[in-house]
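Visitor: What follows is entry-v6.txt, compact mmCIF, C-alpha atoms.
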# COMPACT_ATOMS: atom_id res chain seq x y z
CA MET Q 1 -22.18 13.18 -9.74
CA ILE Q 2 -23.50 9.69 -9.04
CA HIS Q 3 -26.71 8.63 -10.76
CA PHE Q 4 -28.36 5.37 -9.64
CA LEU Q 5 -30.39 3.23 -12.04
CA THR Q 6 -32.36 0.32 -10.56
CA ASP Q 7 -33.63 -2.63 -12.61
CA THR Q 8 -32.45 -0.87 -15.73
CA THR Q 9 -31.36 -1.66 -19.28
CA THR Q 10 -28.31 -0.88 -21.36
CA THR Q 11 -30.50 1.45 -23.44
CA ASP Q 12 -31.23 3.54 -20.37
CA ILE Q 13 -27.56 3.52 -19.37
CA ALA Q 14 -26.49 4.66 -22.85
CA ARG Q 15 -29.04 7.48 -22.72
CA GLU Q 16 -27.69 8.68 -19.37
CA LEU Q 17 -24.13 8.57 -20.72
CA ASN Q 18 -25.12 10.75 -23.65
CA LEU Q 19 -26.73 13.24 -21.29
CA ALA Q 20 -23.59 13.27 -19.17
CA GLN Q 21 -21.50 14.19 -22.21
CA GLU Q 22 -23.65 17.27 -22.68
CA HIS Q 23 -23.04 18.49 -19.13
CA TYR Q 24 -19.51 17.32 -18.26
CA THR Q 25 -16.70 18.24 -20.63
CA LEU Q 26 -14.36 15.72 -18.98
CA THR Q 27 -16.39 12.87 -20.45
CA THR Q 28 -15.13 13.78 -23.92
CA GLY Q 29 -11.71 12.92 -25.34
CA ARG Q 30 -11.69 9.40 -23.92
CA VAL Q 31 -9.03 7.17 -25.43
CA LEU Q 32 -10.26 3.66 -24.60
CA THR Q 33 -12.91 1.49 -23.00
CA LEU Q 34 -11.81 -0.27 -19.82
CA ILE Q 35 -13.93 -3.25 -18.76
CA ILE Q 36 -13.39 -4.44 -15.18
CA ILE Q 37 -14.81 -7.82 -14.15
CA ALA Q 38 -15.20 -8.44 -10.43
CA SER Q 39 -17.59 -9.68 -7.76
CA ALA Q 40 -19.93 -7.55 -5.68
CA SER Q 41 -18.16 -9.00 -2.64
CA ASP Q 42 -14.75 -7.62 -3.76
CA ASP Q 43 -13.33 -4.33 -2.52
CA VAL Q 44 -15.26 -2.29 -5.06
CA GLU Q 45 -14.15 1.05 -3.61
CA ALA Q 46 -10.49 0.09 -4.14
CA ILE Q 47 -11.26 -0.89 -7.74
CA LEU Q 48 -13.09 2.40 -8.30
CA ARG Q 49 -10.24 4.37 -6.78
CA ALA Q 50 -7.65 2.66 -9.02
CA SER Q 51 -9.65 3.22 -12.19
CA ARG Q 52 -10.43 6.84 -11.27
CA ASP Q 53 -6.79 7.66 -10.48
CA ALA Q 54 -5.53 5.93 -13.63
CA SER Q 55 -8.01 7.98 -15.68
CA HIS Q 56 -6.00 11.16 -15.15
CA GLU Q 57 -3.43 9.70 -17.55
CA HIS Q 58 -5.85 7.59 -19.60
CA PRO Q 59 -9.35 9.17 -19.91
CA ALA Q 60 -11.67 6.25 -20.54
CA ARG Q 61 -15.15 4.88 -20.40
CA VAL Q 62 -14.91 2.46 -17.49
CA LEU Q 63 -17.47 -0.35 -17.37
CA ILE Q 64 -17.32 -2.26 -14.10
CA LEU Q 65 -19.22 -5.55 -14.14
CA LEU Q 66 -20.03 -6.96 -10.70
CA THR Q 67 -21.47 -10.43 -10.30
CA ALA Q 68 -23.94 -10.43 -7.43
CA ASP Q 69 -24.38 -13.19 -4.88
CA ALA Q 70 -26.71 -16.03 -5.84
CA ASN Q 71 -30.01 -14.52 -6.92
CA ASP Q 72 -32.84 -16.18 -8.80
CA ASP Q 73 -34.15 -12.88 -10.16
CA THR Q 74 -32.55 -11.56 -13.34
CA TYR Q 75 -32.07 -7.81 -13.47
CA LEU Q 76 -29.45 -5.10 -13.89
CA ASP Q 77 -28.63 -2.33 -11.42
CA ALA Q 78 -26.22 0.44 -12.35
CA GLU Q 79 -24.64 3.60 -11.05
CA LEU Q 80 -23.17 6.20 -13.34
CA ARG Q 81 -20.28 8.32 -12.04
CA VAL Q 82 -19.10 11.44 -13.84
CA GLY Q 83 -17.35 14.62 -12.82
CA GLY Q 84 -15.30 14.55 -9.64
CA GLU Q 85 -16.50 11.04 -8.80
CA ALA Q 86 -14.88 9.64 -11.94
CA GLY Q 87 -11.71 11.65 -12.43
CA ALA Q 88 -11.17 12.25 -16.15
CA SER Q 89 -13.38 9.30 -17.12
CA GLU Q 90 -16.97 8.25 -16.95
CA ILE Q 91 -17.57 5.16 -14.83
CA VAL Q 92 -20.53 2.80 -15.00
CA VAL Q 93 -20.80 0.25 -12.20
CA MET Q 94 -23.22 -2.52 -13.18
CA THR Q 95 -24.39 -5.29 -10.87
CA LEU Q 96 -25.49 -8.37 -12.82
CA ASN Q 97 -28.11 -10.44 -11.05
CA GLY Q 98 -29.37 -13.92 -11.87
CA ALA Q 99 -28.86 -15.34 -15.36
CA MET Q 100 -27.58 -11.98 -16.57
CA ALA Q 101 -24.28 -12.69 -14.82
CA HIS Q 102 -23.58 -15.43 -17.40
CA HIS Q 103 -23.75 -13.03 -20.36
CA PRO Q 104 -21.44 -10.10 -19.54
CA SER Q 105 -20.35 -9.46 -23.12
CA SER Q 106 -23.94 -8.80 -24.22
CA ILE Q 107 -24.23 -6.22 -21.45
CA VAL Q 108 -21.12 -4.24 -22.34
CA THR Q 109 -21.34 -4.39 -26.14
CA PRO Q 110 -23.92 -1.56 -26.53
CA LEU Q 111 -21.82 0.65 -24.22
CA LEU Q 112 -18.41 0.31 -25.89
CA LEU Q 113 -16.83 3.47 -27.28
CA PRO Q 114 -16.55 3.25 -31.06
CA ASP Q 115 -13.14 3.22 -32.74
CA THR Q 116 -11.11 3.00 -29.53
CA PRO Q 117 -9.13 0.15 -27.94
CA ILE Q 118 -10.84 -2.15 -25.44
CA VAL Q 119 -9.00 -3.31 -22.33
CA ALA Q 120 -10.24 -5.93 -19.85
CA TRP Q 121 -9.03 -6.18 -16.26
CA TRP Q 122 -9.77 -8.93 -13.74
CA PRO Q 123 -8.53 -7.47 -10.40
CA ASN Q 124 -9.19 -10.71 -8.48
CA VAL Q 125 -10.55 -13.97 -9.92
CA HIS Q 126 -9.70 -14.36 -13.58
CA PRO Q 127 -10.40 -16.98 -16.28
CA ASP Q 128 -7.71 -19.60 -16.90
CA ASN Q 129 -7.65 -18.48 -20.52
CA PRO Q 130 -8.39 -14.73 -20.67
CA ALA Q 131 -8.23 -14.59 -24.47
CA ALA Q 132 -10.97 -17.24 -24.77
CA ASP Q 133 -13.26 -15.54 -22.25
CA PRO Q 134 -16.27 -13.72 -23.80
CA ILE Q 135 -14.97 -10.38 -22.52
CA GLY Q 136 -11.39 -11.27 -23.41
CA LYS Q 137 -12.38 -11.98 -27.00
CA ILE Q 138 -13.40 -8.37 -27.58
CA ALA Q 139 -10.39 -6.85 -25.78
CA GLN Q 140 -7.04 -5.94 -27.32
CA ARG Q 141 -5.39 -6.01 -23.90
CA ARG Q 142 -6.28 -8.44 -21.10
CA ILE Q 143 -4.91 -7.70 -17.62
CA THR Q 144 -5.04 -10.19 -14.76
CA SER Q 145 -3.94 -10.00 -11.14
CA ALA Q 146 -2.95 -13.62 -10.72
CA GLN Q 147 -1.65 -15.59 -7.76
CA ASP Q 148 -0.61 -18.60 -9.85
CA PHE Q 149 0.84 -18.24 -13.34
CA SER Q 150 0.65 -21.89 -14.39
CA GLN Q 151 -2.66 -21.70 -16.29
CA LEU Q 152 -1.88 -18.24 -17.67
CA ALA Q 153 1.43 -19.50 -19.06
CA ARG Q 154 -0.21 -22.49 -20.76
CA ASN Q 155 -2.92 -20.31 -22.29
CA TYR Q 156 -0.95 -17.16 -23.03
CA ALA Q 157 -2.07 -15.12 -26.04
CA PRO Q 158 -0.59 -11.86 -27.36
CA GLY Q 159 -2.23 -9.01 -25.45
CA ASP Q 160 -2.22 -10.78 -22.06
CA SER Q 161 -0.48 -9.10 -19.11
CA ASP Q 162 -0.56 -9.08 -15.32
CA THR Q 163 -0.30 -6.37 -12.67
CA ALA Q 164 2.53 -8.29 -10.97
CA TRP Q 165 4.59 -7.49 -14.05
CA SER Q 166 3.99 -3.73 -13.86
CA ALA Q 167 4.57 -3.89 -10.09
CA ILE Q 168 8.26 -4.73 -10.63
CA THR Q 169 9.07 -2.34 -13.49
CA ALA Q 170 11.20 -0.01 -11.35
CA TRP Q 171 12.90 -2.97 -9.65
CA ARG Q 172 13.83 -4.46 -13.02
CA GLY Q 173 15.36 -1.13 -14.00
CA ILE Q 174 17.53 -1.16 -10.87
CA VAL Q 175 18.72 -4.70 -11.62
CA ALA Q 176 19.60 -3.83 -15.21
CA SER Q 177 21.46 -0.70 -14.08
CA ALA Q 178 23.46 -2.65 -11.48
CA LEU Q 179 24.60 -5.19 -14.07
CA ASP Q 180 25.56 -2.40 -16.47
CA ARG Q 181 27.90 -1.09 -13.77
CA TYR Q 182 29.79 -4.41 -13.74
CA PRO Q 183 30.40 -5.19 -17.43
CA HIS Q 184 32.58 -7.86 -19.02
CA HIS Q 185 31.40 -10.56 -16.61
CA ASP Q 186 28.66 -13.14 -17.06
CA VAL Q 187 26.20 -14.07 -14.32
CA HIS Q 188 26.96 -17.55 -13.02
CA SER Q 189 24.02 -18.08 -10.61
CA VAL Q 190 21.04 -16.18 -9.22
CA THR Q 191 19.17 -16.31 -5.93
CA ILE Q 192 16.07 -14.20 -5.38
CA ILE Q 193 14.71 -13.92 -1.84
CA GLY Q 194 11.21 -12.88 -0.85
CA ASP Q 195 7.67 -14.13 -0.46
CA GLN Q 196 6.30 -16.79 -2.81
CA GLY Q 197 3.75 -14.41 -4.33
CA PRO Q 198 3.20 -13.40 -7.96
CA GLU Q 199 5.70 -10.51 -8.10
CA HIS Q 200 8.46 -12.74 -6.76
CA ALA Q 201 7.55 -15.45 -9.28
CA ILE Q 202 7.43 -13.21 -12.36
CA ALA Q 203 10.68 -11.49 -11.31
CA ALA Q 204 12.38 -14.89 -11.12
CA GLY Q 205 10.96 -15.81 -14.53
CA TRP Q 206 12.27 -12.58 -16.03
CA LEU Q 207 15.76 -13.24 -14.66
CA ALA Q 208 15.77 -16.84 -15.86
CA ASP Q 209 14.75 -15.80 -19.37
CA ALA Q 210 16.99 -12.73 -19.61
CA LEU Q 211 20.13 -14.42 -18.26
CA GLY Q 212 19.56 -17.91 -19.61
CA ILE Q 213 20.70 -19.59 -16.37
CA PRO Q 214 18.92 -21.35 -13.48
CA VAL Q 215 17.37 -19.08 -10.85
CA THR Q 216 16.64 -20.17 -7.28
CA ARG Q 217 13.75 -18.67 -5.33
CA THR Q 218 14.14 -18.58 -1.55
CA ALA Q 219 11.00 -17.96 0.52
CA VAL Q 220 10.99 -15.78 3.63
CA SER Q 221 8.28 -14.55 5.97
CA HIS Q 222 6.89 -11.28 4.70
CA GLU Q 223 4.63 -10.00 7.45
CA ASP Q 224 6.72 -6.88 8.13
CA SER Q 225 7.12 -5.63 4.56
CA PRO Q 226 4.86 -4.51 1.72
CA HIS Q 227 7.57 -5.52 -0.78
CA ALA Q 228 7.49 -8.92 -2.44
CA ILE Q 229 11.25 -9.08 -3.07
CA ASP Q 230 13.71 -8.75 -0.19
CA ALA Q 231 17.01 -9.41 -1.93
CA LEU Q 232 18.66 -10.50 -5.15
CA HIS Q 233 22.15 -11.98 -5.36
CA LEU Q 234 23.83 -12.41 -8.74
CA THR Q 235 27.08 -14.36 -8.53
CA MET Q 236 29.38 -13.52 -11.41
CA ASP Q 237 31.83 -15.80 -13.23
CA ASP Q 238 34.74 -14.21 -11.34
CA GLY Q 239 33.20 -15.17 -7.99
CA GLU Q 240 32.08 -11.62 -7.10
CA THR Q 241 28.44 -10.88 -6.25
CA VAL Q 242 26.13 -8.07 -7.32
CA SER Q 243 23.49 -7.66 -4.61
CA ILE Q 244 20.27 -5.67 -4.42
CA SER Q 245 18.53 -5.82 -1.05
CA ARG Q 246 15.76 -4.00 0.75
CA ALA Q 247 17.11 -1.37 3.16
CA ASP Q 248 13.64 -0.30 4.33
CA ASN Q 249 10.12 -0.04 2.93
CA HIS Q 250 11.11 2.81 0.61
CA THR Q 251 14.73 2.10 -0.29
CA VAL Q 252 16.95 -0.66 -1.68
CA SER Q 253 20.70 -1.02 -1.22
CA VAL Q 254 22.76 -1.80 -4.32
CA HIS Q 255 26.21 -3.36 -4.02
CA VAL Q 256 28.39 -3.66 -7.11
CA PRO Q 257 31.95 -5.02 -6.70
CA GLY Q 258 34.53 -2.26 -6.79
CA ALA Q 259 32.02 0.50 -6.14
CA ALA Q 260 30.56 2.12 -3.04
CA ARG Q 261 27.23 0.76 -1.86
CA SER Q 262 24.38 2.99 -3.05
CA LEU Q 263 20.79 3.55 -1.95
CA VAL Q 264 17.95 3.82 -4.47
CA ALA Q 265 14.35 4.86 -3.76
CA LEU Q 266 11.85 2.09 -4.45
CA ASN Q 267 8.25 2.38 -3.31
CA VAL Q 268 5.45 -0.15 -3.60
CA ARG Q 269 3.38 0.72 -6.66
CA SER Q 270 -0.32 1.34 -6.10
CA TRP Q 271 -3.06 -0.36 -8.10
CA ALA Q 272 -3.55 2.91 -10.01
CA GLU Q 273 0.15 3.09 -10.93
CA ARG Q 274 0.17 -0.51 -12.10
CA LEU Q 275 -3.01 -0.04 -14.10
CA SER Q 276 -1.73 3.21 -15.64
CA GLU Q 277 1.39 1.46 -16.89
CA GLU Q 278 -0.59 -1.44 -18.34
CA LEU Q 279 -2.75 1.04 -20.25
CA ARG Q 280 0.32 2.75 -21.75
CA HIS Q 281 1.29 -0.38 -23.69
CA LEU Q 282 -1.57 -1.92 -25.61
CA GLU Q 283 0.67 -3.86 -27.97
CA PRO Q 284 1.76 -7.46 -27.13
CA ASP Q 285 4.55 -7.63 -24.55
CA ASP Q 286 6.96 -10.36 -25.67
CA THR Q 287 9.24 -9.87 -22.66
CA TYR Q 288 6.36 -10.53 -20.29
CA ALA Q 289 5.35 -13.60 -22.31
CA ARG Q 290 8.82 -15.12 -21.98
CA ALA Q 291 9.04 -14.27 -18.27
CA LEU Q 292 5.62 -15.81 -17.69
CA ARG Q 293 6.63 -19.11 -19.27
CA ALA Q 294 10.00 -19.16 -17.51
CA ALA Q 295 8.42 -18.51 -14.10
CA ASN Q 296 7.02 -22.04 -14.00
CA ASP Q 297 10.51 -23.56 -14.33
CA VAL Q 298 12.18 -21.62 -11.51
CA LYS Q 299 13.26 -23.75 -8.54
CA GLY Q 300 12.05 -22.83 -5.06
CA GLN Q 301 13.36 -23.70 -1.64
Step by step, read the file and then write its structure as structure tokens.

Guide:
Amino acid sequence: MIHFLTDTTTTDIARELNLAQEHYTLTTGRVLTLIIIASASDDVEAILRASRDASHEHPARVLILLTADANDDTYLDAELRVGGEAGASEIVVMTLNGAMAHHPSSIVTPLLLPDTPIVAWWPNVHPDNPAADPIGKIAQRRITSAQDFSQLARNYAPGDSDTAWSAITAWRGIVASALDRYPHHDVHSVTIIGDQGPEHAIAAGWLADALGIPVTRTAVSHEDSPHAIDALHLTMDDGETVSISRADNHTVSVHVPGAARSLVALNVRSWAERLSEELRHLEPDDTYARALRAANDVKGQ
């Protein structure tokens, strides 16, 4: 069900949410409040789809705040989605017009679920300091989707994370497994090849922090691949190389000295998969924090 509310108030929205709970059993048992901050010009359907799909693992009250284009009139429009339109959650999409767009925290506060964690997600443009943002201040977990980590690294606070980090979880597992298969040797140098996007950057930062050695990023054209990382070469202290490279869009090839080359499935993670993983871990992620800071020191060529 989709219920539209024009020129409304948070009191009216809260009333409709209470009515929905009486008619839709899936709106009960929610485990958190997810606040999504975006623009009305963003791909709202993609954001809705990600939050709806993630709700099957994390039933939530989802509050999507959309800043409208320049408008002198101050008013609030909303649409309430429950049932099949919202997965296992209830979703409120609110368009903030005029001066209201400058006070998002006052809009969401009356709609927060009591006694549950609050998570904020900026799927596109994000504040330089998420923890100092009015929405970030009330959230235990703050998720960005950054293109440049420099400001985020300078302003990191426990509870910050980024979808580029959850995008490479499976890839990091493959790297760790490959190194476990070649024990008793230290990594001497690292080259990571791919685009110069956020996943490539945070992967390089993770390697630099975990291995404690310089990492070189090499940029390649990426028009033919959805993957951000094409190859990783880890040269060991005995001169041998452990290599992980993309075989196709769904598989990577792993070469460990002394062993047969193996193929491992590796798909691009959807927004819903990334968001679901971020919502599994609401405690501070120290490994991400160290990788974020190290990413700024990685050399590129």

Visitor: Which residues of segment 34-55 of chain Q sit at most 12 Å from segment 145-165 of chain Q, using only C-alpha atoms? Give each one's shortest atom pair and distance in Å (one decimal place), in chain and ascending residue order, as JSON lines.

Guide:
{"residue": "Q:Ile36", "atom": "CA", "partner": "Q:Ser145", "partner_atom": "CA", "distance": 11.7}
{"residue": "Q:Ile37", "atom": "CA", "partner": "Q:Ser145", "partner_atom": "CA", "distance": 11.5}
{"residue": "Q:Ala38", "atom": "CA", "partner": "Q:Ser145", "partner_atom": "CA", "distance": 11.4}

Visitor: Restricting the output to C-alpha atoms, write the selected residues as an mmCIF file, in the frame of the given file.

Guide:
data_model
loop_
_atom_site.group_PDB
_atom_site.id
_atom_site.type_symbol
_atom_site.label_atom_id
_atom_site.label_comp_id
_atom_site.auth_asym_id
_atom_site.auth_seq_id
_atom_site.Cartn_x
_atom_site.Cartn_y
_atom_site.Cartn_z
ATOM 1 C CA ILE Q 36 -13.390 -4.440 -15.180
ATOM 2 C CA ILE Q 37 -14.810 -7.820 -14.150
ATOM 3 C CA ALA Q 38 -15.200 -8.440 -10.430
#

Visitor: Enumerate, as a list of chain:residue names, the protein, DNA and RNA residues whose atoms approach (13.0, -18.5, -2.2) to within 9 Å, taking into account only C-alpha atoms and the coordinate frame of the file.

Guide: Q:Thr191, Q:Ile192, Q:Ile193, Q:Gly194, Q:Asp195, Q:Gln196, Q:His200, Q:Thr216, Q:Arg217, Q:Thr218, Q:Ala219, Q:Val220, Q:Lys299, Q:Gly300, Q:Gln301

Visitor: Would you work out the distance separating atom CA of Ala201 of chain Q from atom CA of Glu57 of chain Q, expressed in Å to one decimal?

Guide: 28.7 Å

Visitor: Mind giving me the straight-line distance from atom CA of Thr11 of chain Q to atom CA of Pro134 of chain Q in Å, one decimal?

Guide: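 Atom CA of Pro134 of chain Q lies at a distance of 20.8 Å from atom CA of Thr11 of chain Q.
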
Visitor: Give me the residues within 7 Å of Val256 of chain Q as a ChimeraX atom specification, counting all atoms listed in the file and dropping any in the same chain fewer than 3 places off.

Guide: /Q:178,182,242-243,259,261

Visitor: What is the atom CA of Ala176 of chain Q-atom CA of Leu232 of chain Q distance in Å, reported with one decimal?

Guide: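 If I compute the distance from atom CA of Ala176 of chain Q to atom CA of Leu232 of chain Q, I get 12.1 Å.
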
Visitor: Taking only C-alpha atoms into account, name the residue in Q:Leu207, Q:Ala132, Q:Leu80, Q:Leu266 that is nearest to Thr95 of chain Q.

Guide: Q:Leu80

Visitor: Dump as a ChimeraX atom specification all residues having an atom at most 10 Å from (11.0, -13.9, -17.1), computed in the file's coordinates with all atoms listed in the file.

Guide: /Q:165,201-212,287-296,298

Visitor: Filtering to C-alpha atoms, could you give me those residues as a PDB file, keeping the file's coordinate frame?

Guide:
ATOM      1  CA  TRP Q 165       4.590  -7.490 -14.050  1.00  0.00           C
ATOM      2  CA  ALA Q 201       7.550 -15.450  -9.280  1.00  0.00           C
ATOM      3  CA  ILE Q 202       7.430 -13.210 -12.360  1.00  0.00           C
ATOM      4  CA  ALA Q 203      10.680 -11.490 -11.310  1.00  0.00           C
ATOM      5  CA  ALA Q 204      12.380 -14.890 -11.120  1.00  0.00           C
ATOM      6  CA  GLY Q 205      10.960 -15.810 -14.530  1.00  0.00           C
ATOM      7  CA  TRP Q 206      12.270 -12.580 -16.030  1.00  0.00           C
ATOM      8  CA  LEU Q 207      15.760 -13.240 -14.660  1.00  0.00           C
ATOM      9  CA  ALA Q 208      15.770 -16.840 -15.860  1.00  0.00           C
ATOM     10  CA  ASP Q 209      14.750 -15.800 -19.370  1.00  0.00           C
ATOM     11  CA  ALA Q 210      16.990 -12.730 -19.610  1.00  0.00           C
ATOM     12  CA  LEU Q 211      20.130 -14.420 -18.260  1.00  0.00           C
ATOM     13  CA  GLY Q 212      19.560 -17.910 -19.610  1.00  0.00           C
ATOM     14  CA  THR Q 287       9.240  -9.870 -22.660  1.00  0.00           C
ATOM     15  CA  TYR Q 288       6.360 -10.530 -20.290  1.00  0.00           C
ATOM     16  CA  ALA Q 289       5.350 -13.600 -22.310  1.00  0.00           C
ATOM     17  CA  ARG Q 290       8.820 -15.120 -21.980  1.00  0.00           C
ATOM     18  CA  ALA Q 291       9.040 -14.270 -18.270  1.00  0.00           C
ATOM     19  CA  LEU Q 292       5.620 -15.810 -17.690  1.00  0.00           C
ATOM     20  CA  ARG Q 293       6.630 -19.110 -19.270  1.00  0.00           C
ATOM     21  CA  ALA Q 294      10.000 -19.160 -17.510  1.00  0.00           C
ATOM     22  CA  ALA Q 295       8.420 -18.510 -14.100  1.00  0.00           C
ATOM     23  CA  ASN Q 296       7.020 -22.040 -14.000  1.00  0.00           C
ATOM     24  CA  VAL Q 298      12.180 -21.620 -11.510  1.00  0.00           C
TER      25      VAL Q 298
END

Visitor: I'd like the neighbourhood of segment 43-47 of chain Q as a list in words, where a residue qualifies if any of its atoms comes within 9 Å (using all atoms listed in the file), though same-chain residues fewer than 3 positions away should be ignored.

Guide: Ile36, Ala38, Ser39, Ala40, Ala50, Ser51, Arg52, Ile64, Leu66, Pro123, Trp271 and Ala272 of chain Q

Visitor: Using only C-alpha atoms, find the one residue out of Q:His103, Q:His250, Q:His281, Q:Arg181 that sits nearest to Asp133 of chain Q.

Guide: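 Smallest distance to Asp133 of chain Q is found for Q:His103.
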